[in-house]
Structures are given as C-alpha cells and as structure tokens.
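Chemist: Shown below is the structure under consideration.
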Amino acid sequence: MSEQALPTRRLGGLEVSALGYGAMVLSPGVYGEIDDERAERALTAAIDAGATLIDTSDGYGADGHNERLIGRVLKGRREQVSVATKFGFRLPEGVEPHPFPVGYAFGELGVNGDPAHIRGYAEASLRELGTDRIDLYYPHFPDPQVPLADTVGAVAELIEAGLVRHLGLSNVTAEQLRAAHAVHPVAAVQIEWSMWRPAEPELLAAARELGVGLVPWSPLGAGFLTGTVGKVAEGDFRQNAPRFDEANLKANNDRFAPVRGVAAELGITPAQLALAWLLHQDPGVVPIPGSRTPSHIEENLSAARVSLDADVLSRLDGILAETSVEGGTLL
C-alpha cells in the first residue's frame, strides 16, 4: 500500500497521526504465537497506512523483543514516526520488583520507578530501538514504593540531556497527573479507555485543563469491540482477563449487539466505530489500536477519517449507558 497521510493531533508539543499503532501485539505470548517476519510486515503496514506514533514498552516480549523488532523496521524510516516507549517493567538483574496490584488472574505486576535506574532503562531502550532519542517516554505504571515526582524528575533529566523529547504518564490518577505536571510538563497520559472501559472523569478533566493529550490503550477492548472474538485460545494473555472468561465473553457479546448494529447501519466495521467514537470524545485523544493483519491495520487507521454526527454520538452514549459489562479489567 502506498504511504498516505492521516489527520494529525497534538500530544502536548508532539504532533502525531490521529490514530497511532500499539505494537504490543507483535511479540509472542500476547495474542498467541507470532513470528518476526509477520510482525515486521504488520508494523510496516501501519507506517505505510499513515500511523506516525508507534507505541511499545521495554516489557513487551521477552528480553526487549518488541523494541528490537521496531528498531529493525524503522531503519531508514526513523524520521517518519514518533516512537513512544515505557519503562520500569523489564527489570535488569538485581533491580527489586515492587508489587503493583492488577485485576487480572495473576494479581500483580513487578515494577520499579526508582530514579537511580531510569537512565539505565532509557539507554537499554535506545540500544534496542537503534535510535538516539525516545520521542515520548512513560513510566509504565506508577511505582507504589517511589514518589511519582521522583520518577518524573529523572525523566526530566533525560529530556535535558536530549535522550528523551517528551514526558508521558501511564495508568495514573488525576492527582498523580497534577503532581507530575508540577515537576515537568506532561505531553500525554496513556489510559485504558474504550466503549467497554470508561475513563475516569476526574482524569479527563485534569488532562484537558493542563493541555495534556490522552492516549487510550486497548481502544478496541483487547479485540472485543471488533465483534469477532468468540473464544480465547491457549497462549493468549486474555485468558487472564475476567471479561474474556467463557461465560462473561458470551454475555458481553450479547450486550454489545446494539453497538455492532449501529456500525452496520453506518456501513463501517465495529472496530472503526469504536475508534471513531473515541476520537470524537476529545480533540486531544490519540488511540493506539494494535493488529497483526495488514488489512485490519489499514481498516483501523481509516477510522481517523470517519465522521459521526451528533445524533449518532447521542444514540451511542445512550446504548453504552445502559450496557453493563461482565468481568473486571486490568486496573
């Protein structure tokens, strides 16, 4: 497919395509197995289709796999995209994991946001990515044992040194955003937000007030909102997610049938409707859907050009307000 420009939006001082690309799906052990050749084709398709924000993390895939894969694909194309990555989840030997509680079956994640380690995290990511700067750098989760202001202060030092361009936050509260922003301007906050996972109103209000962009992760509900998930296979991380339990998944599919019906009436896919709905929530929203299939990637990104009128948005809001979801989420 030939390269094409998508509408753009701003995350603080960073201009990116209105829809980015979430690369977590490109590493084995997420949605089952995948080989690097297929993964590289998918990422290439995303860039060719106009995605200029590529999102990854030091913790995606074994031993930096996701960042290395991105680095290979971006050789010769680095200036076309902004690279966002997250830290504090892939911990080098000797770095103590601090428990961060989550709602999935495994119960907690191990993170470490100690300022003493952050330059090392960044240097490791720069090596894996094969680049000289990170455009948007997030602590993956706020460390319960380290003041967020201290973590942010360490990233501010990386910005001053030219290794990082913009500060992001991920999975934080409104109070945490305000505290961090007082230390250094925050360009974007990454949160789980979709038709089946509302964002916290206080966080949205704080972001708007401070001029901070919003980057919804899992904007398609880990694939649920595509309307194509009837079961979860072995080796798929969603086996840990209560919403994808067999009984819950069936109930949720039944309850979201009216949303899929609206998509059919509009002549678009359920995924395009879910992404367009998010884009219409705020001009500072840049969702990062991920997919392994080039045709689906192009389909998703084309949602940046879908316009929903006020009547459709009102109707969707009414449907969603009356639609309960079975099972918890990660946070």
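Each chain of the structure tokens is named A, B, ... in the order shown, its residues numbered from 1; ligands are numbered from 1 in display order.
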Using only C-alpha atoms, which protein or nucleic acid residues come within 10 Å of His65 (chain A)? Drop anything in the same chain fewer than 6 positions from it, and give the result as a JSON list (two decimals) with C-alpha atoms, in the first residue's frame.
Modeler:
```json
[["chain", "number", "residue", "atom", "x", "y", "z"],
["A", 26, "LEU", "CA", 3.77, -8.09, 17.70],
["A", 27, "SER", "CA", 5.53, -10.11, 20.39],
["A", 28, "PRO", "CA", 4.89, -13.80, 21.15],
["A", 36, "ASP", "CA", 9.14, -11.87, 13.37],
["A", 57, "SER", "CA", 7.49, -0.85, 26.04],
["A", 58, "ASP", "CA", 10.67, -2.35, 27.43],
["A", 59, "GLY", "CA", 8.42, -5.03, 28.93],
["A", 71, "GLY", "CA", 14.23, -0.83, 15.63],
["A", 128, "GLU", "CA", 17.12, -1.97, 21.40],
["A", 129, "LEU", "CA", 15.34, 0.62, 19.25]]
```
Chemist: Write out as a list of chain:residue names all residues of region 106-210 of chain A that DSSP puts in strand (DSSP E or B) for this structure's backbone.
Modeler: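 So, restricting region 106-210 of chain A to strand (DSSP E or B), we get A:Glu108, A:Leu109, A:Gly110, A:Val111, A:Ile134, A:Asp135, A:Leu136, A:Tyr137, A:Tyr138, A:Pro139, A:Val164, A:Arg165, A:His166, A:Leu167, A:Gly168, A:Leu169, A:Ser170, A:Ala188, A:Val189, A:Gln190, A:Ile191, A:Glu192, A:Ser194, A:Arg197.
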Chemist: How would you write, as JSON, numbers by chain, the set of residues in region 36-250 of chain A that DSSP gives as alpha helix (DSSP H)?
Modeler: {"A": [36, 37, 38, 39, 40, 41, 42, 43, 44, 45, 46, 47, 48, 65, 66, 67, 68, 69, 70, 71, 72, 73, 115, 116, 117, 118, 119, 120, 121, 122, 123, 124, 125, 126, 127, 128, 129, 148, 149, 150, 151, 152, 153, 154, 155, 156, 157, 158, 159, 160, 161, 174, 175, 176, 177, 178, 179, 180, 181, 182, 183, 201, 202, 203, 204, 205, 206, 207, 208, 209, 210, 246, 247, 248, 249, 250]}
Chemist: Any chance you could export the current selection's C-alpha atoms as a JSON list (two decimals), in the first residue's frame?
Modeler:
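Contents of result_11.json, as written:
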```
[["chain", "number", "residue", "atom", "x", "y", "z"],
["A", 36, "ASP", "CA", 9.14, -11.87, 13.37],
["A", 37, "GLU", "CA", 8.51, -11.85, 9.62],
["A", 38, "ARG", "CA", 4.77, -11.50, 10.12],
["A", 39, "ALA", "CA", 5.30, -8.93, 12.87],
["A", 40, "GLU", "CA", 7.56, -6.80, 10.68],
["A", 41, "ARG", "CA", 5.02, -6.90, 7.84],
["A", 42, "ALA", "CA", 2.32, -5.67, 10.23],
["A", 43, "LEU", "CA", 4.39, -2.77, 11.54],
["A", 44, "THR", "CA", 5.42, -1.81, 8.01],
["A", 45, "ALA", "CA", 1.74, -1.81, 7.02],
["A", 46, "ALA", "CA", 0.91, 0.53, 9.92],
["A", 47, "ILE", "CA", 3.58, 3.05, 8.91],
["A", 48, "ASP", "CA", 2.62, 2.80, 5.23],
["A", 65, "HIS", "CA", 11.90, -8.28, 21.82],
["A", 66, "ASN", "CA", 9.30, -5.65, 20.90],
["A", 67, "GLU", "CA", 11.70, -2.71, 20.94],
["A", 68, "ARG", "CA", 14.29, -4.62, 18.87],
["A", 69, "LEU", "CA", 11.68, -5.53, 16.26],
["A", 70, "ILE", "CA", 10.62, -1.90, 15.97],
["A", 71, "GLY", "CA", 14.23, -0.83, 15.63],
["A", 72, "ARG", "CA", 14.73, -3.17, 12.68],
["A", 73, "VAL", "CA", 11.64, -1.94, 10.85],
["A", 115, "PRO", "CA", 15.26, 7.32, 39.77],
["A", 116, "ALA", "CA", 18.58, 5.51, 40.19],
["A", 117, "HIS", "CA", 17.59, 3.03, 37.47],
["A", 118, "ILE", "CA", 15.84, 5.23, 34.93],
["A", 119, "ARG", "CA", 18.80, 6.36, 32.84],
["A", 120, "GLY", "CA", 19.78, 2.70, 32.53],
["A", 121, "TYR", "CA", 16.27, 1.81, 31.37],
["A", 122, "ALA", "CA", 16.40, 4.55, 28.75],
["A", 123, "GLU", "CA", 19.84, 3.60, 27.49],
["A", 124, "ALA", "CA", 18.73, -0.02, 27.13],
["A", 125, "SER", "CA", 15.64, 1.04, 25.16],
["A", 126, "LEU", "CA", 17.72, 3.30, 22.92],
["A", 127, "ARG", "CA", 20.00, 0.38, 22.11],
["A", 128, "GLU", "CA", 17.12, -1.97, 21.40],
["A", 129, "LEU", "CA", 15.34, 0.62, 19.25],
["A", 148, "LEU", "CA", 5.98, 9.72, 41.20],
["A", 149, "ALA", "CA", 7.60, 13.16, 41.39],
["A", 150, "ASP", "CA", 10.97, 11.46, 41.83],
["A", 151, "THR", "CA", 10.43, 9.22, 38.82],
["A", 152, "VAL", "CA", 9.33, 12.20, 36.73],
["A", 153, "GLY", "CA", 12.33, 14.21, 37.86],
["A", 154, "ALA", "CA", 14.63, 11.51, 36.50],
["A", 155, "VAL", "CA", 12.87, 11.61, 33.12],
["A", 156, "ALA", "CA", 13.19, 15.41, 33.12],
["A", 157, "GLU", "CA", 16.95, 14.92, 33.37],
["A", 158, "LEU", "CA", 16.84, 12.67, 30.31],
["A", 159, "ILE", "CA", 14.92, 15.36, 28.44],
["A", 160, "GLU", "CA", 17.54, 17.93, 29.40],
["A", 161, "ALA", "CA", 20.24, 15.53, 28.18],
["A", 174, "ALA", "CA", -5.85, 12.79, 38.19],
["A", 175, "GLU", "CA", -3.98, 13.60, 41.40],
["A", 176, "GLN", "CA", -0.85, 11.87, 40.13],
["A", 177, "LEU", "CA", -1.07, 13.73, 36.82],
["A", 178, "ARG", "CA", -1.28, 17.09, 38.56],
["A", 179, "ALA", "CA", 1.66, 16.26, 40.84],
["A", 180, "ALA", "CA", 3.81, 15.11, 37.93],
["A", 181, "HIS", "CA", 2.91, 18.07, 35.74],
["A", 182, "ALA", "CA", 4.09, 20.39, 38.52],
["A", 183, "VAL", "CA", 7.55, 18.81, 38.23],
["A", 201, "PRO", "CA", -13.93, 11.82, 34.56],
["A", 202, "GLU", "CA", -11.53, 13.49, 37.01],
["A", 203, "LEU", "CA", -8.52, 12.38, 34.96],
["A", 204, "LEU", "CA", -10.07, 13.58, 31.71],
["A", 205, "ALA", "CA", -10.85, 16.94, 33.29],
["A", 206, "ALA", "CA", -7.31, 17.32, 34.62],
["A", 207, "ALA", "CA", -5.78, 16.43, 31.26],
["A", 208, "ARG", "CA", -7.95, 18.96, 29.44],
["A", 209, "GLU", "CA", -7.18, 21.66, 31.98],
["A", 210, "LEU", "CA", -3.42, 21.08, 31.72],
["A", 246, "GLU", "CA", -16.21, -18.03, 28.54],
["A", 247, "ALA", "CA", -19.47, -17.12, 30.28],
["A", 248, "ASN", "CA", -18.60, -13.42, 30.59],
["A", 249, "LEU", "CA", -17.50, -13.21, 26.97],
["A", 250, "LYS", "CA", -20.80, -14.66, 25.75]]
```
Chemist: If I take CA of Phe237 (chain A) and CA of Ala222 (chain A), how far is one from the other in Å, to one decimal?
Modeler: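 Between CA of Phe237 (chain A) and CA of Ala222 (chain A) the gap works out to 9.8 Å.
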Chemist: Rank A:Gly168, A:Gly267, A:Gly211, A:Gly162 by their smallest atom-to-atom distance to Gln190 (chain A), using only C-alpha atoms, and report the top residue only.
Modeler: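 Looking at the shortest contact to Gln190 (chain A), the residue is A:Gly168.
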Chemist: Using only C-alpha atoms, which protein or nucleic acid residues come within 8 Å of Arg238 (chain A)? Drop anything in the same chain fewer than 3 positions from it, and give the result as a compact mmCIF listing (two decimals) with all heavy atoms, in the first residue's frame.
Modeler:
```txt
# COMPACT_ATOMS: atom_id res chain seq x y z
N TYR A 31 -1.07 -12.32 22.02
CA TYR A 31 -2.24 -12.97 21.42
C TYR A 31 -1.80 -14.28 20.78
O TYR A 31 -2.09 -14.54 19.61
CB TYR A 31 -2.88 -12.05 20.38
CG TYR A 31 -3.52 -10.81 20.96
CD1 TYR A 31 -2.81 -9.63 21.11
CD2 TYR A 31 -4.86 -10.83 21.38
CE1 TYR A 31 -3.40 -8.49 21.64
CE2 TYR A 31 -5.45 -9.70 21.91
CZ TYR A 31 -4.73 -8.53 22.04
OH TYR A 31 -5.31 -7.41 22.57
N ALA A 222 -9.16 -4.92 23.88
CA ALA A 222 -8.35 -6.13 23.65
C ALA A 222 -8.97 -7.00 22.55
O ALA A 222 -8.96 -8.23 22.62
CB ALA A 222 -8.17 -6.92 24.94
N VAL A 232 -11.18 -17.50 23.46
CA VAL A 232 -9.77 -17.12 23.61
C VAL A 232 -8.93 -18.39 23.61
O VAL A 232 -9.18 -19.32 24.39
CB VAL A 232 -9.55 -16.32 24.91
CG1 VAL A 232 -8.09 -16.01 25.10
CG2 VAL A 232 -10.37 -15.03 24.87
N ALA A 241 -7.86 -12.46 31.69
CA ALA A 241 -8.77 -11.33 31.82
C ALA A 241 -10.18 -11.79 32.13
O ALA A 241 -10.78 -12.54 31.34
CB ALA A 241 -8.77 -10.51 30.52
N PHE A 244 -12.97 -12.00 29.51
CA PHE A 244 -12.89 -12.98 28.44
C PHE A 244 -13.11 -14.41 28.94
O PHE A 244 -12.95 -15.36 28.18
CB PHE A 244 -11.54 -12.87 27.72
CG PHE A 244 -11.43 -11.63 26.87
CD1 PHE A 244 -10.94 -10.44 27.40
CD2 PHE A 244 -11.84 -11.65 25.55
CE1 PHE A 244 -10.85 -9.30 26.62
CE2 PHE A 244 -11.75 -10.51 24.76
CZ PHE A 244 -11.25 -9.33 25.30
```
Chemist: For Glu108 (chain A), list every protein, DNA or RNA residue within 12 Å, evaluated using only C-alpha atoms, and leave out those in the same chain fewer than 3 positions away; present the list as number ranges by chain.
Modeler: A: 89, 97-105, 111, 141, 144, 240, 330-331
Chemist: Only C-alpha atoms, please: the residues just picked out, written as an mmCIF file, in the first residue's frame.
Modeler:
```cif
data_model
loop_
_atom_site.group_PDB
_atom_site.id
_atom_site.type_symbol
_atom_site.label_atom_id
_atom_site.label_comp_id
_atom_site.auth_asym_id
_atom_site.auth_seq_id
_atom_site.Cartn_x
_atom_site.Cartn_y
_atom_site.Cartn_z
ATOM 1 C CA PHE A 89 8.511 -3.183 33.723
ATOM 2 C CA PRO A 97 10.342 -5.648 41.670
ATOM 3 C CA HIS A 98 7.778 -3.615 43.585
ATOM 4 C CA PRO A 99 4.285 -5.189 43.518
ATOM 5 C CA PHE A 100 1.656 -3.276 41.547
ATOM 6 C CA PRO A 101 -1.802 -4.845 42.048
ATOM 7 C CA VAL A 102 -3.933 -5.588 38.961
ATOM 8 C CA GLY A 103 -7.317 -7.145 38.271
ATOM 9 C CA TYR A 104 -6.132 -9.970 36.030
ATOM 10 C CA ALA A 105 -5.716 -13.542 37.253
ATOM 11 C CA VAL A 111 7.651 -2.579 38.579
ATOM 12 C CA PHE A 141 2.976 2.050 35.958
ATOM 13 C CA PRO A 144 3.718 2.278 44.748
ATOM 14 C CA ASN A 240 -6.085 -13.953 32.428
ATOM 15 C CA LEU A 330 -6.504 -4.853 34.357
ATOM 16 C CA LEU A 331 -6.771 -1.762 36.584
#
```
Chemist: Which residue, A:Met24, A:Ala321, A:Ala51, A:Val212, has the smallest gap to Asp282 (chain A) when you use only C-alpha atoms?
Modeler: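 Smallest distance to Asp282 (chain A) is found for A:Val212.
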Chemist: Which residue gives the smallest distance to Leu53 (chain A) among A:Gly261, A:Pro142, A:Gly318, A:Gly290, with only C-alpha atoms counted?
Modeler: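 Of A:Gly261, A:Pro142, A:Gly318, A:Gly290, the one nearest Leu53 (chain A) is A:Gly290, counting only C-alpha atoms.
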Chemist: Between CA of Val325 (chain A) and CA of Phe256 (chain A), what is the distance in Å, rounded to a tenth?
Modeler: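 Atom-to-atom, CA of Val325 (chain A) to CA of Phe256 (chain A), that is 9.0 Å.
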Chemist: May I ask which of the residues A:Ser170, A:Ser307, A:Gln272, A:Thr52 is the closest one to Gln80 (chain A), counting only C-alpha atoms?
Modeler: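 Closest to Gln80 (chain A) of all the choices is A:Thr52.
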Chemist: Report as a list in words all protein, DNA and RNA residues lying within 10 Å of Glu200 (chain A), evaluated on only C-alpha atoms, omitting residues in the same chain fewer than 6 positions from it.
Modeler: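 Skipping anything fewer than 6 positions along the chain leaves Thr173, Ala174, Ile191, Glu192 and Trp193 of chain A.
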Chemist: Would you save the residues of that selection, restricted to C-alpha atoms, as a PDB file, in the first residue's frame?
Modeler:
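Once everything was written out, this is result.pdb:
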```
ATOM      1  CA  THR A 173      -4.889   9.136  38.582  1.00  0.00           C
ATOM      2  CA  ALA A 174      -5.848  12.787  38.186  1.00  0.00           C
ATOM      3  CA  ILE A 191      -5.002   5.065  29.959  1.00  0.00           C
ATOM      4  CA  GLU A 192      -7.258   2.116  29.280  1.00  0.00           C
ATOM      5  CA  TRP A 193     -10.266   3.686  27.586  1.00  0.00           C
TER       6      TRP A 193
END
```
Chemist: Nearest to Val262 (chain A): which of A:Ser295, A:Ser218, A:Ser314, A:Thr131 is it, counting only C-alpha atoms?
Modeler: A:Ser314
Chemist: Expressed in Å to a single decimal, how great is the separation between CA of Asp55 (chain A) and CA of Lys86 (chain A)?
Modeler: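 It comes out at 8.4 Å.
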Chemist: Given only C-alpha atoms as the basis, pick out the residue of A:Gly94, A:Pro270, A:Gly213, A:Pro219 nearest to Val16 (chain A).
Modeler: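 Of all the options, A:Gly213 lies closest to Val16 (chain A).
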Chemist: List as a list of chain:residue names the protein and nucleic acid residues near Thr226 (chain A), meaning an atom at most 9 Å away when only C-alpha atoms are counted, but skip any in the same chain fewer than 6 places from it.
Modeler: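 Once the nearby chain positions are removed, what remains is A:Leu220, A:Arg260, A:Thr269, A:Pro270, A:Ala271, A:Gln272, A:Ala274.
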Chemist: Save out the residues we just selected, all heavy atoms, as a CSV table (one decimal), in the first residue's frame.
Modeler:
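Dumped to result36.csv:
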```csv
chain,number,residue,atom,x,y,z
A,220,LEU,N,-9.8,-1.0,21.5
A,220,LEU,CA,-10.8,-2.0,21.0
A,220,LEU,C,-11.1,-3.0,22.0
A,220,LEU,O,-11.6,-4.1,21.6
A,220,LEU,CB,-10.2,-2.6,19.7
A,220,LEU,CG,-10.0,-1.6,18.5
A,220,LEU,CD1,-9.4,-2.3,17.3
A,220,LEU,CD2,-11.4,-1.0,18.1
A,260,ARG,N,-22.9,-3.0,17.6
A,260,ARG,CA,-22.5,-3.5,16.3
A,260,ARG,C,-23.6,-3.2,15.3
A,260,ARG,O,-23.3,-3.0,14.1
A,260,ARG,CB,-22.3,-5.1,16.4
A,260,ARG,CG,-21.1,-5.4,17.4
A,260,ARG,CD,-20.7,-6.9,17.2
A,260,ARG,NE,-21.8,-7.8,17.6
A,260,ARG,CZ,-21.9,-8.2,18.9
A,260,ARG,NH1,-21.2,-7.8,19.9
A,260,ARG,NH2,-22.9,-9.1,19.1
A,269,THR,N,-17.1,-0.9,10.0
A,269,THR,CA,-16.9,-2.1,10.9
A,269,THR,C,-17.1,-1.7,12.4
A,269,THR,O,-16.9,-0.5,12.7
A,269,THR,CB,-15.5,-2.7,10.7
A,269,THR,OG1,-14.5,-1.7,11.2
A,269,THR,CG2,-15.2,-3.0,9.2
A,270,PRO,N,-17.4,-2.6,13.2
A,270,PRO,CA,-17.4,-2.3,14.7
A,270,PRO,C,-16.1,-1.7,15.2
A,270,PRO,O,-16.2,-0.8,16.0
A,270,PRO,CB,-17.7,-3.7,15.3
A,270,PRO,CG,-18.4,-4.5,14.3
A,270,PRO,CD,-17.8,-4.0,13.0
A,271,ALA,N,-15.0,-2.2,14.7
A,271,ALA,CA,-13.7,-1.6,15.1
A,271,ALA,C,-13.6,-0.1,14.7
A,271,ALA,O,-13.2,0.8,15.5
A,271,ALA,CB,-12.6,-2.4,14.5
A,272,GLN,N,-14.0,0.2,13.5
A,272,GLN,CA,-14.0,1.6,13.0
A,272,GLN,C,-14.9,2.5,13.9
A,272,GLN,O,-14.6,3.6,14.2
A,272,GLN,CB,-14.3,1.7,11.6
A,272,GLN,CG,-13.3,1.1,10.6
A,272,GLN,CD,-13.7,1.0,9.2
A,272,GLN,OE1,-14.9,0.7,8.9
A,272,GLN,NE2,-12.8,1.2,8.3
A,274,ALA,N,-15.8,1.9,17.0
A,274,ALA,CA,-15.2,2.1,18.4
A,274,ALA,C,-14.1,3.1,18.4
A,274,ALA,O,-14.0,3.9,19.3
A,274,ALA,CB,-14.7,0.8,18.9
```
